[in-house]
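A short worksheet on the structure shown next.
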Amino acid sequence: MGRGSGFGKVILFNEHFVVHGVPGIVSAMDSTADAEVKKIDKGGVIIRDERKGAKSYAEKKKIQQKESIDRMFKIMGIDSKKNSLDIWLGGNLPGFSGIGASAASSVAIARAIAEEFEMNFSDERINEISYEAEKAYAGTPSGIDNTAATFGGLIWFKKNLEDGPNTIERLNINKSVEILLANTGVVADTKEMVLGVAERKKKYPEKYDPLFKQSEKLVFKARKALERFDLKRVGELMNESHSLLQGIEVSCKELDYLVKLARDHGAFGAKMTGGGGGGCIVAMTPGKELQETVASAIEKEGFKILRTKIGVKLKGR
Ligand code: PMV
C-alpha cells in the first residue's frame, strides 16, 4: 500500500489576482489530507472519501475529483485501463471550500500512488503532478494551492505567465500566529469563480485594472508587515484585501457577514480566502484568548470554525 499527505492552505493575500501574475502570500496549515492507495485486481478506480466536514463538498466535487485523478494517471504515465486502484482519503483537514482541500488531496493521492508504484518522485515532481490535477478543480490554476500543499510553510508565490518556473520564496516569521477560518457552508465552484474574474477583467478594464494594480502594491506591504511581525498592520491589510476581492466580485453576502462578525469581535483583520462565492473567511486572531473569543462568537451564530496557526513548523508528510 502507498501512503501520502498534503497540507491544507490559507491564502492570506491575493487569491484570484495570483492567477494573473500578481504575487500572493499563502500559508500551509497544521492540518492535512491523507491518502492510501492500493492496487486491486479489477473495478477501475474506487474512491472512498472519508474526509470530515461538509458532506455535500465531497458530493459536489466528485466529477472534478475523478477528472483530477485521470489527469494524474496521465502525467505519471499510468494506464488507467490496465490499472485498478482503491483510493482512501481522510485526514484532519475538513472538506471546506477555500482551504485548498482539493490541492491537499491531490498531493496526498499523488504521493500515495507514487509510493504504491515505486516511483521515486521529488517534491518538485509531486508539485507538478498536483498542478496538473488542480486544473480539474480550478480550470486555469495559479499553482499557489498545490505549492503550499506540497512544500508547506509560509510562501511568497508568483505565477510565471510565460511558462517558465513560478517564483516560490519561503517567508519566515518570528513565531507561529493563531488565526481562524470560518465556513459559510456554501460550496463554491472555484473554476467558475476564476473564469468569471477573467471574463470581467477583459470586459471592464477601467474598473478591474486599478484593482489589480492596488493588489500588487498591497501584497508587498503585507510581506513587509509579516516580516516585521506587525500583526496589527497585517490585519489592516487583510481588511483592504477583502475590499479588493469585493471589487472583483468574488465575495458574497455570507462571506461579508462572517468578515464583519470576526472584526466586530476583535479580530485584527478578516477577509475571504480562496475562490470565494462561498467557502471560508480567514481572521487574524493572535493569541489563544482572542482566537477563542472570535471563534465562539462565530460558532454561536451556527458556523463551523477551524482554529489553526500560520508560521508553524510542519511535521513530515
Ligand atoms: O478555493 P481554493 O481553495 O481552491 O483557492 C483558489 C485560489 C484561486 O486564487 C482563486 C485560484 C488559483 O488557482 O490561484
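Letters A, B, ... mark the chains of the C-alpha cells in the order given; residue numbers begin at 1 per chain; ligand numbers begin at 1, in order shown.
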Please, which residues have at least one atom within 8 Å of an atom of ligand 1, using only C-alpha atoms and all ligand atoms, listed as an MDAnalysis selection string? chainID A and resid 9:11 14:19 97:103 134 137:145 188:191 193:194 273:276 279
DSSP on the backbone: which residues in stretch 46-280 of chain A end up as helix (DSSP H, G or I)? Give the answer as a PyMOL selection string. chain A and resi 55-60+62-76+101-116+123-138+144-151+190-203+205-228+231-247+253-264
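Between atom CA of A:Gly277 and atom CA of A:Arg200 lies a distance of 15.2 Å.
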Extract, using only C-alpha atoms, all DNA, RNA and protein residues at most 7 Å from stretch 218-220 of chain A, discarding same-chain residues fewer than 5 positions from it, and format them as an MDAnalysis selection string. chainID A and resid 13 23:24
Rank A:Asp70, A:Glu249, A:Asp256, A:Glu118 by their smallest atom-to-atom distance to A:Lys207, using only C-alpha atoms, and report the top residue only.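 The shortest atom-to-atom distance to A:Lys207 comes from A:Glu249.
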Can you measure atom CA of A:Glu115 to atom CA of A:Gly2 for me? One decimal in Å is fine.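 These two atoms are separated by 4.7 Å.
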Using only C-alpha atoms, determine which residues lie at most 6 Å from A:Ile25, disregarding the query and same-chain residues fewer than 4 positions distant; provide the list as a short mmCIF file (atom, residue, chain, number, x, y, z; two decimals) with all heavy atoms, in the first residue's frame.
data_model
loop_
_atom_site.label_atom_id
_atom_site.label_comp_id
_atom_site.auth_asym_id
_atom_site.auth_seq_id
_atom_site.Cartn_x
_atom_site.Cartn_y
_atom_site.Cartn_z
N LEU A 12 -3.44 34.19 2.35
CA LEU A 12 -3.54 35.39 3.19
C LEU A 12 -3.71 36.63 2.33
O LEU A 12 -4.35 37.59 2.73
CB LEU A 12 -2.28 35.53 4.05
CG LEU A 12 -2.07 34.41 5.08
CD1 LEU A 12 -0.73 34.57 5.78
CD2 LEU A 12 -3.21 34.40 6.11
N PHE A 13 -3.11 36.63 1.14
CA PHE A 13 -3.21 37.78 0.25
C PHE A 13 -3.25 37.35 -1.21
O PHE A 13 -2.44 36.52 -1.64
CB PHE A 13 -2.02 38.74 0.47
CG PHE A 13 -2.08 39.42 1.80
CD1 PHE A 13 -1.36 38.90 2.87
CD2 PHE A 13 -2.90 40.52 2.02
CE1 PHE A 13 -1.44 39.48 4.13
CE2 PHE A 13 -2.99 41.10 3.28
CZ PHE A 13 -2.26 40.58 4.33
N ILE A 155 4.58 31.07 2.27
CA ILE A 155 5.19 31.17 0.94
C ILE A 155 4.75 32.42 0.18
O ILE A 155 3.57 32.78 0.17
CB ILE A 155 4.84 29.91 0.10
CG1 ILE A 155 5.52 28.67 0.70
CG2 ILE A 155 5.25 30.06 -1.36
CD1 ILE A 155 5.08 27.36 0.06
N TRP A 156 5.73 33.06 -0.44
CA TRP A 156 5.51 34.14 -1.41
C TRP A 156 5.49 33.47 -2.77
O TRP A 156 6.44 32.78 -3.14
CB TRP A 156 6.66 35.14 -1.30
CG TRP A 156 6.69 36.22 -2.33
CD1 TRP A 156 7.34 36.17 -3.54
CD2 TRP A 156 6.11 37.53 -2.24
NE1 TRP A 156 7.18 37.36 -4.21
CE2 TRP A 156 6.43 38.22 -3.42
CE3 TRP A 156 5.34 38.18 -1.27
CZ2 TRP A 156 6.03 39.52 -3.67
CZ3 TRP A 156 4.93 39.49 -1.52
CH2 TRP A 156 5.27 40.13 -2.70
#
Write out as a ChimeraX atom specification each polymer residue whose atoms come within 8 Å of A:Ser106, counting only C-alpha atoms; drop sequence neighbours fewer than 6 positions from it. /A:6,68-69,130,133-134,146
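Backbone DSSP over stretch 31-131 of chain A gives strand (DSSP E or B) for Ser31, Thr32, Ala33, Asp34, Ala35, Glu36, Val37, Lys38, Lys39, Ile40, Val45, Ile46, Ile47, Arg48, Asp49, Ser84, Leu85, Asp86, Ile87, Trp88, Leu89, Gly90 and Gly91 of chain A.
Separating atom CA of A:Glu128 from atom CA of A:Arg71 is a distance of 11.4 Å.
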Test item: residues at most 8 Å from A:Lys38, only C-alpha atoms, excluding those fewer than 6 positions along its chain, as a list in words: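 The residues satisfying every condition are Met1, Gly2, Leu85, Asp86, Ile87 and Glu116 of chain A.
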Long-range neighbours of A:Leu237 as an MDAnalysis selection string, 12 Å cut-off, only C-alpha atoms, 3 positions minimum in chain: chainID A and resid 12:14 214:215 217:226 230:234 240:244 268:271 283:284
